[in-house]
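A.B. asks: structure-v2.cif (mmCIF, C-alpha atoms) pasted underneath:
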```cif
data_input
loop_
_atom_site.group_PDB
_atom_site.id
_atom_site.type_symbol
_atom_site.label_atom_id
_atom_site.label_comp_id
_atom_site.auth_asym_id
_atom_site.auth_seq_id
_atom_site.Cartn_x
_atom_site.Cartn_y
_atom_site.Cartn_z
ATOM 1 C CA MET A 926 -0.349 -16.648 24.069
ATOM 2 C CA MET A 927 1.344 -18.167 21.047
ATOM 3 C CA ASN A 928 3.131 -15.884 18.596
ATOM 4 C CA LEU A 929 0.612 -16.788 15.917
ATOM 5 C CA THR A 930 -2.279 -15.709 18.123
ATOM 6 C CA HIS A 931 -0.603 -12.371 18.831
ATOM 7 C CA VAL A 932 -0.076 -11.804 15.112
ATOM 8 C CA ALA A 933 -3.646 -12.757 14.177
ATOM 9 C CA LEU A 934 -5.152 -10.564 16.898
ATOM 10 C CA SER A 935 -3.032 -7.542 15.961
ATOM 11 C CA VAL A 936 -3.728 -7.856 12.241
ATOM 12 C CA CYS A 937 -7.441 -8.370 12.890
ATOM 13 C CA ILE A 938 -7.800 -5.317 15.143
ATOM 14 C CA THR A 939 -5.688 -3.157 12.813
ATOM 15 C CA SER A 940 -7.707 -4.161 9.762
ATOM 16 C CA ILE A 941 -10.977 -3.351 11.516
ATOM 17 C CA ALA A 942 -9.814 -0.170 13.270
ATOM 18 C CA LEU A 943 -8.113 1.345 10.215
ATOM 19 C CA SER A 944 -10.492 -0.212 7.678
ATOM 20 C CA THR A 945 -7.520 -1.408 5.649
ATOM 21 C CA ALA A 946 -6.338 -4.454 3.746
ATOM 22 C CA ASP A 947 -2.999 -2.902 2.822
ATOM 23 C CA PRO A 948 -0.360 -5.653 3.225
ATOM 24 C CA VAL A 949 2.366 -3.218 4.343
ATOM 25 C CA THR A 950 0.169 -1.723 7.064
ATOM 26 C CA LEU A 951 -0.944 -5.142 8.277
ATOM 27 C CA GLY A 952 2.629 -6.425 8.082
ATOM 28 C CA ILE A 953 3.842 -3.610 10.324
ATOM 29 C CA SER A 954 1.135 -4.483 12.821
ATOM 30 C CA ALA A 955 2.117 -8.164 12.726
ATOM 31 C CA LEU A 956 5.784 -7.395 13.372
ATOM 32 C CA ALA A 957 4.949 -4.939 16.143
ATOM 33 C CA SER A 958 2.870 -7.599 17.903
ATOM 34 C CA GLN A 959 6.082 -9.501 18.646
ATOM 35 C CA LEU A 960 7.929 -6.604 20.289
ATOM 36 C CA PRO A 961 6.419 -6.903 23.802
ATOM 37 C CA ASP A 962 8.034 -10.340 24.192
ATOM 38 C CA ILE A 963 11.482 -8.818 23.836
ATOM 39 C CA ASP A 964 11.569 -9.062 27.643
ATOM 40 C CA THR A 965 12.503 -12.743 27.359
ATOM 41 C CA SER A 966 15.353 -14.340 25.442
ATOM 42 C CA LYS A 967 13.195 -17.429 24.876
ATOM 43 C CA SER A 968 10.836 -15.660 22.489
ATOM 44 C CA VAL A 969 11.411 -15.365 18.726
ATOM 45 C CA ILE A 970 12.040 -11.623 18.901
ATOM 46 C CA GLY A 971 14.160 -12.176 22.009
ATOM 47 C CA ARG A 972 16.427 -14.583 20.155
ATOM 48 C CA ILE A 973 16.728 -12.222 17.196
ATOM 49 C CA LEU A 974 17.531 -9.197 19.365
ATOM 50 C CA PHE A 975 19.361 -11.136 22.065
ATOM 51 C CA PRO A 976 21.476 -8.251 23.464
ATOM 52 C CA ILE A 977 18.359 -6.175 24.110
ATOM 53 C CA SER A 978 16.242 -9.036 25.442
ATOM 54 C CA ASN A 979 19.073 -10.208 27.692
ATOM 55 C CA TYR A 980 19.380 -6.718 29.164
ATOM 56 C CA ILE A 981 15.632 -6.398 29.831
ATOM 57 C CA GLU A 982 15.278 -9.976 31.067
ATOM 58 C CA ALA A 983 17.970 -9.429 33.699
ATOM 59 C CA ARG A 984 16.154 -6.412 35.122
ATOM 60 C CA TYR A 985 12.433 -6.942 34.676
ATOM 61 C CA PRO A 986 10.066 -9.934 35.076
ATOM 62 C CA HIS A 987 8.336 -11.342 32.006
ATOM 63 C CA ARG A 988 5.119 -9.528 31.041
ATOM 64 C CA SER A 989 5.935 -6.486 33.124
ATOM 65 C CA ILE A 990 7.379 -3.247 31.727
ATOM 66 C CA THR A 991 7.082 -4.198 28.042
ATOM 67 C CA HIS A 992 3.488 -5.337 28.569
ATOM 68 C CA SER A 993 2.106 -2.020 29.769
ATOM 69 C CA PHE A 994 0.442 1.215 28.746
ATOM 70 C CA VAL A 995 3.691 3.020 29.572
ATOM 71 C CA ALA A 996 5.585 0.945 27.011
ATOM 72 C CA THR A 997 2.835 1.467 24.433
ATOM 73 C CA GLY A 998 3.044 5.223 24.949
ATOM 74 C CA ALA A 999 6.826 5.103 24.564
ATOM 75 C CA ILE A 1000 6.558 3.084 21.342
ATOM 76 C CA ALA A 1001 3.958 5.512 19.969
ATOM 77 C CA LEU A 1002 6.211 8.469 20.747
ATOM 78 C CA LEU A 1003 9.414 6.915 19.378
ATOM 79 C CA SER A 1004 7.710 5.782 16.167
ATOM 80 C CA LEU A 1005 6.040 9.149 15.515
ATOM 81 C CA PRO A 1006 8.416 9.940 12.582
ATOM 82 C CA LEU A 1007 6.548 7.231 10.624
ATOM 83 C CA VAL A 1008 3.762 9.780 10.201
ATOM 84 C CA ILE A 1009 5.993 11.493 7.635
ATOM 85 C CA PHE A 1010 5.723 8.448 5.369
ATOM 86 C CA ASN A 1011 2.222 7.280 6.147
ATOM 87 C CA TRP A 1012 -0.102 8.019 9.049
ATOM 88 C CA SER A 1013 -1.544 4.501 8.962
ATOM 89 C CA TYR A 1014 1.920 2.963 9.403
ATOM 90 C CA TRP A 1015 2.317 4.719 12.740
ATOM 91 C CA LEU A 1016 -1.149 3.701 13.858
ATOM 92 C CA ALA A 1017 -0.537 0.108 12.754
ATOM 93 C CA LEU A 1018 2.717 -0.094 14.713
ATOM 94 C CA THR A 1019 1.122 1.343 17.848
ATOM 95 C CA LEU A 1020 -1.963 -0.853 17.557
ATOM 96 C CA GLY A 1021 0.134 -3.914 16.790
ATOM 97 C CA TYR A 1022 2.308 -3.377 19.849
ATOM 98 C CA PHE A 1023 -0.704 -2.764 22.093
ATOM 99 C CA CYS A 1024 -2.569 -5.857 20.865
ATOM 100 C CA GLY A 1025 0.650 -7.849 21.137
ATOM 101 C CA TRP A 1026 0.663 -7.555 24.908
ATOM 102 C CA PHE A 1027 -3.018 -6.943 25.642
ATOM 103 C CA GLY A 1028 -3.853 -10.433 24.415
ATOM 104 C CA ASP A 1029 -1.886 -11.778 27.381
ATOM 105 C CA VAL A 1030 -4.402 -10.136 29.697
ATOM 106 C CA PHE A 1031 -6.641 -13.134 28.975
ATOM 107 C CA THR A 1032 -4.035 -15.675 30.067
ATOM 108 C CA LYS A 1033 -3.699 -17.172 33.530
ATOM 109 C CA SER A 1034 -0.817 -14.951 34.663
ATOM 110 C CA GLY A 1035 -2.012 -11.685 33.095
ATOM 111 C CA VAL A 1036 0.245 -8.631 32.689
ATOM 112 C CA THR A 1037 1.340 -5.594 34.707
ATOM 113 C CA ALA A 1038 -0.583 -3.282 32.389
ATOM 114 C CA PHE A 1039 -0.312 -0.299 34.744
ATOM 115 C CA TYR A 1040 3.449 -0.549 35.315
ATOM 116 C CA PRO A 1041 5.234 0.636 37.497
ATOM 117 C CA SER A 1042 2.383 -0.755 39.586
ATOM 118 C CA GLN A 1043 3.010 -4.473 40.109
ATOM 119 C CA ALA A 1044 -0.720 -5.257 40.119
ATOM 120 C CA ARG A 1045 -1.565 -7.651 37.304
ATOM 121 C CA LEU A 1046 -4.468 -7.131 34.955
ATOM 122 C CA VAL A 1047 -6.159 -10.482 34.326
ATOM 123 C CA ILE A 1048 -9.425 -11.077 32.450
ATOM 124 C CA PRO A 1049 -11.813 -12.773 33.122
ATOM 125 C CA GLY A 1050 -12.139 -12.932 36.889
ATOM 126 C CA ASN A 1051 -12.795 -16.686 36.864
ATOM 127 C CA PRO A 1052 -9.346 -18.406 36.620
ATOM 128 C CA ARG A 1053 -10.861 -21.448 34.874
ATOM 129 C CA LEU A 1054 -11.910 -19.288 31.921
ATOM 130 C CA ARG A 1055 -8.444 -17.861 31.302
ATOM 131 C CA LEU A 1056 -6.319 -19.139 28.438
ATOM 132 C CA SER A 1057 -3.217 -21.284 28.697
ATOM 133 C CA THR A 1058 -0.643 -21.069 25.922
ATOM 134 C CA GLY A 1059 -0.939 -23.776 23.265
ATOM 135 C CA THR A 1060 -4.122 -25.349 24.588
ATOM 136 C CA ARG A 1061 -7.195 -26.319 22.562
ATOM 137 C CA ALA A 1062 -8.973 -23.269 23.951
ATOM 138 C CA GLU A 1063 -6.332 -20.973 22.503
ATOM 139 C CA TYR A 1064 -6.454 -22.706 19.127
ATOM 140 C CA PHE A 1065 -10.228 -22.280 19.140
ATOM 141 C CA VAL A 1066 -9.820 -18.556 19.868
ATOM 142 C CA LEU A 1067 -7.181 -18.350 17.133
ATOM 143 C CA VAL A 1068 -9.561 -19.844 14.561
ATOM 144 C CA ILE A 1069 -12.277 -17.329 15.511
ATOM 145 C CA ILE A 1070 -9.819 -14.429 15.239
ATOM 146 C CA VAL A 1071 -8.583 -15.613 11.826
ATOM 147 C CA ILE A 1072 -12.153 -15.904 10.531
ATOM 148 C CA ILE A 1073 -12.984 -12.381 11.715
ATOM 149 C CA CYS A 1074 -9.711 -11.089 10.278
ATOM 150 C CA LEU A 1075 -10.262 -12.633 6.843
ATOM 151 C CA THR A 1076 -13.840 -11.357 6.799
ATOM 152 C CA SER A 1077 -12.671 -7.839 7.625
ATOM 153 C CA ILE A 1078 -9.955 -7.884 4.966
ATOM 154 C CA ASN A 1079 -12.407 -9.235 2.382
ATOM 155 C CA ILE A 1080 -14.995 -6.554 3.186
ATOM 156 C CA VAL A 1081 -12.416 -3.773 3.090
ATOM 157 C CA SER A 1082 -10.988 -5.086 -0.201
ATOM 158 C CA SER A 1083 -14.507 -5.029 -1.664
ATOM 159 C CA GLY A 1084 -14.962 -1.370 -0.794
ATOM 160 C CA GLY A 1085 -16.291 -1.427 2.746
ATOM 161 C CA ILE A 1086 -19.187 -2.845 4.703
ATOM 162 C CA LEU A 1087 -21.833 -0.654 3.062
ATOM 163 C CA ARG A 1088 -20.750 -1.740 -0.396
ATOM 164 C CA ALA A 1089 -20.708 -5.389 0.643
ATOM 165 C CA PHE A 1090 -24.189 -4.976 2.119
ATOM 166 C CA ASN A 1091 -25.480 -3.424 -1.093
ATOM 167 C CA GLN A 1092 -23.897 -6.145 -3.218
ATOM 168 C CA VAL A 1093 -25.452 -8.917 -1.147
ATOM 169 C CA LEU A 1094 -28.934 -7.367 -1.273
ATOM 170 C CA ALA A 1095 -28.551 -6.265 -4.919
ATOM 171 C CA MET A 1096 -30.576 -3.134 -4.188
ATOM 172 C CA PRO A 1097 -30.980 -0.653 -7.107
ATOM 173 C CA SER A 1098 -30.117 2.286 -4.842
ATOM 174 C CA GLY A 1099 -26.963 0.493 -3.767
ATOM 175 C CA ALA A 1100 -25.999 -0.199 -7.391
ATOM 176 C CA VAL A 1101 -26.417 3.493 -8.221
ATOM 177 C CA GLU A 1102 -24.272 4.492 -5.243
ATOM 178 C CA ILE A 1103 -21.487 2.061 -6.165
ATOM 179 C CA THR A 1104 -21.600 3.179 -9.807
ATOM 180 C CA ASN A 1105 -21.337 6.851 -8.856
ATOM 181 C CA GLU A 1106 -18.297 6.074 -6.703
ATOM 182 C CA GLU A 1107 -16.545 4.099 -9.433
ATOM 183 C CA ILE A 1108 -17.198 6.765 -12.070
ATOM 184 C CA ASN A 1109 -14.930 9.124 -10.147
ATOM 185 C CA ARG A 1110 -12.015 6.689 -10.601
ATOM 186 C CA HIS A 1111 -12.783 4.651 -13.723
ATOM 187 C CA ILE A 1112 -14.579 4.773 -17.045
ATOM 188 C CA LEU A 1113 -17.451 2.321 -16.781
ATOM 189 C CA ILE A 1114 -18.857 0.585 -19.856
ATOM 190 C CA ALA A 1115 -22.207 -1.217 -19.804
ATOM 191 C CA GLN A 1116 -23.093 -3.969 -22.285
ATOM 192 C CA VAL A 1117 -26.742 -3.447 -23.225
ATOM 193 C CA ARG A 1118 -29.018 -6.035 -24.853
ATOM 194 C CA GLY A 1119 -32.695 -5.024 -24.991
ATOM 195 C CA ARG A 1120 -35.381 -2.938 -26.668
ATOM 196 C CA ASN A 1121 -36.318 0.721 -26.670
ATOM 197 C CA ALA A 1122 -39.368 1.133 -24.419
ATOM 198 C CA LEU A 1123 -41.048 3.562 -26.844
ATOM 199 C CA THR A 1124 -40.201 2.278 -30.301
ATOM 200 C CA GLN A 1125 -39.512 -1.371 -29.441
ATOM 201 C CA ALA A 1126 -36.408 -1.112 -31.619
ATOM 202 C CA PRO A 1127 -33.598 -3.437 -30.531
ATOM 203 C CA VAL A 1128 -30.813 -1.831 -28.503
ATOM 204 C CA VAL A 1129 -27.484 -3.636 -28.655
ATOM 205 C CA GLY A 1130 -24.070 -2.199 -27.847
ATOM 206 C CA ASP A 1131 -21.574 -0.932 -25.328
ATOM 207 C CA TYR A 1132 -22.336 2.391 -23.674
ATOM 208 C CA GLU A 1133 -20.338 4.575 -21.293
ATOM 209 C CA ILE A 1134 -22.082 5.129 -17.966
ATOM 210 C CA VAL A 1135 -22.436 8.743 -16.869
ATOM 211 C CA LYS A 1136 -23.057 9.856 -13.294
ATOM 212 C CA SER A 1137 -26.742 9.804 -12.422
#
```
Output the structure of this file as structure tokens.

C.D. replies:
Amino acid sequence: MMNLTHVALSVCITSIALSTADPVTLGISALASQLPDIDTSKSVIGRILFPISNYIEARYPHRSITHSFVATGAIALLSLPLVIFNWSYWLALTLGYFCGWFGDVFTKSGVTAFYPSQARLVIPGNPRLRLSTGTRAEYFVLVIIVIICLTSINIVSSGGILRAFNQVLAMPSGAVEITNEEINRHILIAQVRGRNALTQAPVVGDYEIVKS
């Protein structure tokens, strides 16, 4: 897969799994998605960290040890101190790394996901349906992933899927629920223009909303 596809997939899955639109969290996931390709000096991360990639490349085939559950477990363990700063950072790094190599499962050569076993995990079973790097099929998949990713980030930024659902339907019960949530964090002011139902006197002004 292309680097861009790895990044998009990792950010998309992280946004959905952690229900976050935090740019730092998503950025960590994006960077982590590049780490599995450190097993080749031809990759972007391989060129940046050439001494490490050269060492791994001389000893292991591409998409082998760094593209496995063993490597993911090692990354999760080594990055555990991130929990001290933010739990989501650690999860984003682990998820980003995992998605960074798991996407290659859908390519023609697959990956040795169960390393040290040399058996390659390849999905789907029909070779003609597997992706080739840089083809129109991959670009089509990339567009779909980006759309899902942007939708997820937009929904999360708006307060979550339930809030988005309530806003679309404009249900009174949903409006009450959203208002009660916002009251806990903000002072809400309503601009009222109408009449008193009993006296028919005009009611005009700004009023603070209290929790119902």

A.B. asks: Using only C-alpha atoms, I'd like a table of the residues in segment 1040-1089 of chain A that come within 10 Å of segment 982-990 of chain A; for each, show the closest atom pair and its distance in Å rounded to one decimal, ordered by chain and ascending number, as a tab-separated table.

C.D. replies:
```
residue	atom	partner	partner_atom	distance
A:Tyr1040	CA	A:Ile990	CA	6.0
A:Pro1041	CA	A:Ile990	CA	7.3
A:Ser1042	CA	A:Ser989	CA	9.3
A:Gln1043	CA	A:Ser989	CA	7.8
A:Ala1044	CA	A:Ser989	CA	9.7
A:Arg1045	CA	A:Ser989	CA	8.7
```

A.B. asks: Kindly resolve the PyMOL selection byres ((chain A and resi 948-961) around 9) on the present coordinates and return the residues as a PyMOL selection string.

C.D. replies: chain A and resi 928+931-937+939-940+945-947+962-964+968-971+988+990-993+996+1013-1026

A.B. asks: Residues as selected, C-alpha atoms, written as a CSV table (one decimal), keeping the file's coordinate frame, can you do that?

C.D. replies:
```
chain,number,residue,atom,x,y,z
A,928,ASN,CA,3.1,-15.9,18.6
A,931,HIS,CA,-0.6,-12.4,18.8
A,932,VAL,CA,-0.1,-11.8,15.1
A,933,ALA,CA,-3.6,-12.8,14.2
A,934,LEU,CA,-5.2,-10.6,16.9
A,935,SER,CA,-3.0,-7.5,16.0
A,936,VAL,CA,-3.7,-7.9,12.2
A,937,CYS,CA,-7.4,-8.4,12.9
A,939,THR,CA,-5.7,-3.2,12.8
A,940,SER,CA,-7.7,-4.2,9.8
A,945,THR,CA,-7.5,-1.4,5.6
A,946,ALA,CA,-6.3,-4.5,3.7
A,947,ASP,CA,-3.0,-2.9,2.8
A,962,ASP,CA,8.0,-10.3,24.2
A,963,ILE,CA,11.5,-8.8,23.8
A,964,ASP,CA,11.6,-9.1,27.6
A,968,SER,CA,10.8,-15.7,22.5
A,969,VAL,CA,11.4,-15.4,18.7
A,970,ILE,CA,12.0,-11.6,18.9
A,971,GLY,CA,14.2,-12.2,22.0
A,988,ARG,CA,5.1,-9.5,31.0
A,990,ILE,CA,7.4,-3.2,31.7
A,991,THR,CA,7.1,-4.2,28.0
A,992,HIS,CA,3.5,-5.3,28.6
A,993,SER,CA,2.1,-2.0,29.8
A,996,ALA,CA,5.6,0.9,27.0
A,1013,SER,CA,-1.5,4.5,9.0
A,1014,TYR,CA,1.9,3.0,9.4
A,1015,TRP,CA,2.3,4.7,12.7
A,1016,LEU,CA,-1.1,3.7,13.9
A,1017,ALA,CA,-0.5,0.1,12.8
A,1018,LEU,CA,2.7,-0.1,14.7
A,1019,THR,CA,1.1,1.3,17.8
A,1020,LEU,CA,-2.0,-0.9,17.6
A,1021,GLY,CA,0.1,-3.9,16.8
A,1022,TYR,CA,2.3,-3.4,19.8
A,1023,PHE,CA,-0.7,-2.8,22.1
A,1024,CYS,CA,-2.6,-5.9,20.9
A,1025,GLY,CA,0.6,-7.8,21.1
A,1026,TRP,CA,0.7,-7.6,24.9
```

A.B. asks: For a test of reading the model, state the distance in Å between atom CA of Lys1033 of chain A and atom CA of Arg1055 of chain A, rounded to one decimal.

C.D. replies: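 Atom-to-atom, atom CA of Lys1033 of chain A and atom CA of Arg1055 of chain A are spaced 5.3 Å apart.
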
A.B. asks: Atom CA of Asn1079 of chain A to atom CA of Thr1032 of chain A: how many Å, to one decimal?

C.D. replies: 29.6 Å

A.B. asks: Which is closest to Gly1035 of chain A among A:Ile1080, A:Gln1116, A:Leu1007, A:Met926, if we use all atoms listed in the file?

C.D. replies: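 Closest candidate: A:Met926.
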
A.B. asks: Let me know the centre plus edge lengths, in Å and rounded to one decimal, of a box with edges along x, y and z that contains all listed atoms of segment 977-980 of chain A and is padded by 8 Å on every side, as AutoDock Vina command-line options.

C.D. replies:
```
--center_x 17.8 --center_y -8.2 --center_z 26.6 --size_x 19.1 --size_y 20.0 --size_z 21.1
```

A.B. asks: Take the PyMOL selection byres ((chain A and resi 1058) around 9), run it mentally on this structure, and tell me the resulting residues as a ChimeraX atom specification.

C.D. replies: /A:926-927,1032,1056-1057,1059-1060,1062-1063

A.B. asks: Atom CA of Leu1046 of chain A to atom CA of Pro976 of chain A: how many Å, to one decimal?

C.D. replies: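 Rounded to one decimal, the two atoms are 28.4 Å apart.
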
A.B. asks: Taking (-10.8, -12.2, 14.0) in the file's coordinates as the center, which residues reach within 10 Å of it, counting only C-alpha atoms, put as a PyMOL selection string?

C.D. replies: chain A and resi 933-938+940-941+1066-1077

A.B. asks: Could you check the closest approach to Val1129 of chain A for each of A:Val1036, A:Ile1048, A:Val1117, A:Val1008 and tell me which residue wins, using all atoms listed in the file?

C.D. replies: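 Looking at the shortest contact to Val1129 of chain A, the residue is A:Val1117.
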
A.B. asks: So that I can look at just that part, could you write segment 1008-1019 of chain A with all heavy atoms, as a PDB file, in the first residue's frame?

C.D. replies:
```pdb
ATOM      1  N   VAL A1008       1.321   6.358  28.625  1.00  0.00           N
ATOM      2  CA  VAL A1008       0.103   6.379  29.444  1.00  0.00           C
ATOM      3  C   VAL A1008       0.200   7.465  30.510  1.00  0.00           C
ATOM      4  O   VAL A1008      -0.811   8.046  30.923  1.00  0.00           O
ATOM      5  CB  VAL A1008      -0.126   4.997  30.089  1.00  0.00           C
ATOM      6  CG1 VAL A1008      -1.279   5.039  31.073  1.00  0.00           C
ATOM      7  CG2 VAL A1008      -0.386   3.957  29.014  1.00  0.00           C
ATOM      8  N   ILE A1009       1.433   7.743  30.956  1.00  0.00           N
ATOM      9  CA  ILE A1009       1.638   8.770  31.979  1.00  0.00           C
ATOM     10  C   ILE A1009       1.131  10.129  31.484  1.00  0.00           C
ATOM     11  O   ILE A1009       0.550  10.910  32.241  1.00  0.00           O
ATOM     12  CB  ILE A1009       3.137   8.867  32.348  1.00  0.00           C
ATOM     13  CG1 ILE A1009       3.615   7.543  32.928  1.00  0.00           C
ATOM     14  CG2 ILE A1009       3.376  10.016  33.336  1.00  0.00           C
ATOM     15  CD1 ILE A1009       5.101   7.493  33.188  1.00  0.00           C
ATOM     16  N   PHE A1010       1.345  10.414  30.213  1.00  0.00           N
ATOM     17  CA  PHE A1010       0.938  11.692  29.644  1.00  0.00           C
ATOM     18  C   PHE A1010      -0.525  11.679  29.210  1.00  0.00           C
ATOM     19  O   PHE A1010      -1.279  12.588  29.526  1.00  0.00           O
ATOM     20  CB  PHE A1010       1.822  12.038  28.453  1.00  0.00           C
ATOM     21  CG  PHE A1010       3.289  12.125  28.793  1.00  0.00           C
ATOM     22  CD1 PHE A1010       4.136  11.061  28.547  1.00  0.00           C
ATOM     23  CD2 PHE A1010       3.806  13.272  29.382  1.00  0.00           C
ATOM     24  CE1 PHE A1010       5.484  11.138  28.867  1.00  0.00           C
ATOM     25  CE2 PHE A1010       5.145  13.360  29.700  1.00  0.00           C
ATOM     26  CZ  PHE A1010       5.993  12.286  29.448  1.00  0.00           C
ATOM     27  N   ASN A1011      -0.882  10.639  28.489  1.00  0.00           N
ATOM     28  CA  ASN A1011      -2.259  10.550  28.000  1.00  0.00           C
ATOM     29  C   ASN A1011      -2.518   9.123  27.519  1.00  0.00           C
ATOM     30  O   ASN A1011      -1.800   8.610  26.664  1.00  0.00           O
ATOM     31  CB  ASN A1011      -2.486  11.544  26.853  1.00  0.00           C
ATOM     32  CG  ASN A1011      -3.951  11.704  26.503  1.00  0.00           C
ATOM     33  OD1 ASN A1011      -4.676  10.728  26.315  1.00  0.00           O
ATOM     34  ND2 ASN A1011      -4.404  12.942  26.396  1.00  0.00           N
ATOM     35  N   TRP A1012      -3.526   8.508  28.066  1.00  0.00           N
ATOM     36  CA  TRP A1012      -3.873   7.132  27.718  1.00  0.00           C
ATOM     37  C   TRP A1012      -4.157   6.993  26.225  1.00  0.00           C
ATOM     38  O   TRP A1012      -3.775   6.003  25.594  1.00  0.00           O
ATOM     39  CB  TRP A1012      -5.079   6.690  28.534  1.00  0.00           C
ATOM     40  CG  TRP A1012      -5.550   5.293  28.282  1.00  0.00           C
ATOM     41  CD1 TRP A1012      -6.569   4.906  27.465  1.00  0.00           C
ATOM     42  CD2 TRP A1012      -5.024   4.091  28.851  1.00  0.00           C
ATOM     43  NE1 TRP A1012      -6.718   3.541  27.482  1.00  0.00           N
ATOM     44  CE2 TRP A1012      -5.780   3.005  28.323  1.00  0.00           C
ATOM     45  CE3 TRP A1012      -3.993   3.814  29.751  1.00  0.00           C
ATOM     46  CZ2 TRP A1012      -5.532   1.677  28.677  1.00  0.00           C
ATOM     47  CZ3 TRP A1012      -3.750   2.491  30.096  1.00  0.00           C
ATOM     48  CH2 TRP A1012      -4.512   1.436  29.565  1.00  0.00           C
ATOM     49  N   SER A1013      -4.824   7.981  25.655  1.00  0.00           N
ATOM     50  CA  SER A1013      -5.201   7.901  24.238  1.00  0.00           C
ATOM     51  C   SER A1013      -3.981   7.963  23.323  1.00  0.00           C
ATOM     52  O   SER A1013      -4.018   7.435  22.212  1.00  0.00           O
ATOM     53  CB  SER A1013      -6.190   9.011  23.883  1.00  0.00           C
ATOM     54  OG  SER A1013      -5.594  10.288  24.019  1.00  0.00           O
ATOM     55  N   TYR A1014      -2.896   8.606  23.768  1.00  0.00           N
ATOM     56  CA  TYR A1014      -1.688   8.660  22.956  1.00  0.00           C
ATOM     57  C   TYR A1014      -1.109   7.261  22.763  1.00  0.00           C
ATOM     58  O   TYR A1014      -0.664   6.900  21.675  1.00  0.00           O
ATOM     59  CB  TYR A1014      -0.630   9.567  23.599  1.00  0.00           C
ATOM     60  CG  TYR A1014      -0.982  11.028  23.612  1.00  0.00           C
ATOM     61  CD1 TYR A1014      -0.201  11.943  24.316  1.00  0.00           C
ATOM     62  CD2 TYR A1014      -2.096  11.517  22.915  1.00  0.00           C
ATOM     63  CE1 TYR A1014      -0.519  13.296  24.331  1.00  0.00           C
ATOM     64  CE2 TYR A1014      -2.422  12.861  22.934  1.00  0.00           C
ATOM     65  CZ  TYR A1014      -1.626  13.749  23.650  1.00  0.00           C
ATOM     66  OH  TYR A1014      -1.945  15.081  23.657  1.00  0.00           O
ATOM     67  N   TRP A1015      -1.100   6.497  23.847  1.00  0.00           N
ATOM     68  CA  TRP A1015      -0.584   5.127  23.777  1.00  0.00           C
ATOM     69  C   TRP A1015      -1.460   4.266  22.870  1.00  0.00           C
ATOM     70  O   TRP A1015      -0.960   3.510  22.040  1.00  0.00           O
ATOM     71  CB  TRP A1015      -0.513   4.522  25.177  1.00  0.00           C
ATOM     72  CG  TRP A1015      -0.107   3.079  25.182  1.00  0.00           C
ATOM     73  CD1 TRP A1015       1.146   2.573  24.988  1.00  0.00           C
ATOM     74  CD2 TRP A1015      -0.969   1.945  25.371  1.00  0.00           C
ATOM     75  NE1 TRP A1015       1.133   1.196  25.054  1.00  0.00           N
ATOM     76  CE2 TRP A1015      -0.151   0.782  25.278  1.00  0.00           C
ATOM     77  CE3 TRP A1015      -2.329   1.804  25.615  1.00  0.00           C
ATOM     78  CZ2 TRP A1015      -0.681  -0.502  25.421  1.00  0.00           C
ATOM     79  CZ3 TRP A1015      -2.847   0.524  25.762  1.00  0.00           C
ATOM     80  CH2 TRP A1015      -2.022  -0.604  25.664  1.00  0.00           C
ATOM     81  N   LEU A1016      -2.756   4.393  23.032  1.00  0.00           N
ATOM     82  CA  LEU A1016      -3.672   3.631  22.188  1.00  0.00           C
ATOM     83  C   LEU A1016      -3.535   4.029  20.721  1.00  0.00           C
ATOM     84  O   LEU A1016      -3.562   3.181  19.830  1.00  0.00           O
ATOM     85  CB  LEU A1016      -5.116   3.853  22.649  1.00  0.00           C
ATOM     86  CG  LEU A1016      -5.528   3.195  23.967  1.00  0.00           C
ATOM     87  CD1 LEU A1016      -6.934   3.640  24.358  1.00  0.00           C
ATOM     88  CD2 LEU A1016      -5.478   1.675  23.854  1.00  0.00           C
ATOM     89  N   ALA A1017      -3.370   5.322  20.469  1.00  0.00           N
ATOM     90  CA  ALA A1017      -3.232   5.810  19.095  1.00  0.00           C
ATOM     91  C   ALA A1017      -1.957   5.272  18.452  1.00  0.00           C
ATOM     92  O   ALA A1017      -1.961   4.870  17.280  1.00  0.00           O
ATOM     93  CB  ALA A1017      -3.214   7.332  19.075  1.00  0.00           C
ATOM     94  N   LEU A1018      -0.866   5.234  19.210  1.00  0.00           N
ATOM     95  CA  LEU A1018       0.388   4.727  18.668  1.00  0.00           C
ATOM     96  C   LEU A1018       0.280   3.241  18.348  1.00  0.00           C
ATOM     97  O   LEU A1018       0.699   2.787  17.278  1.00  0.00           O
ATOM     98  CB  LEU A1018       1.520   4.972  19.662  1.00  0.00           C
ATOM     99  CG  LEU A1018       2.945   4.746  19.129  1.00  0.00           C
ATOM    100  CD1 LEU A1018       3.931   5.674  19.823  1.00  0.00           C
ATOM    101  CD2 LEU A1018       3.394   3.305  19.309  1.00  0.00           C
ATOM    102  N   THR A1019      -0.325   2.492  19.266  1.00  0.00           N
ATOM    103  CA  THR A1019      -0.483   1.048  19.058  1.00  0.00           C
ATOM    104  C   THR A1019      -1.416   0.755  17.894  1.00  0.00           C
ATOM    105  O   THR A1019      -1.119  -0.089  17.038  1.00  0.00           O
ATOM    106  CB  THR A1019      -1.016   0.379  20.338  1.00  0.00           C
ATOM    107  OG1 THR A1019      -0.150   0.680  21.439  1.00  0.00           O
ATOM    108  CG2 THR A1019      -1.092  -1.125  20.167  1.00  0.00           C
TER     109      THR A1019
END
```
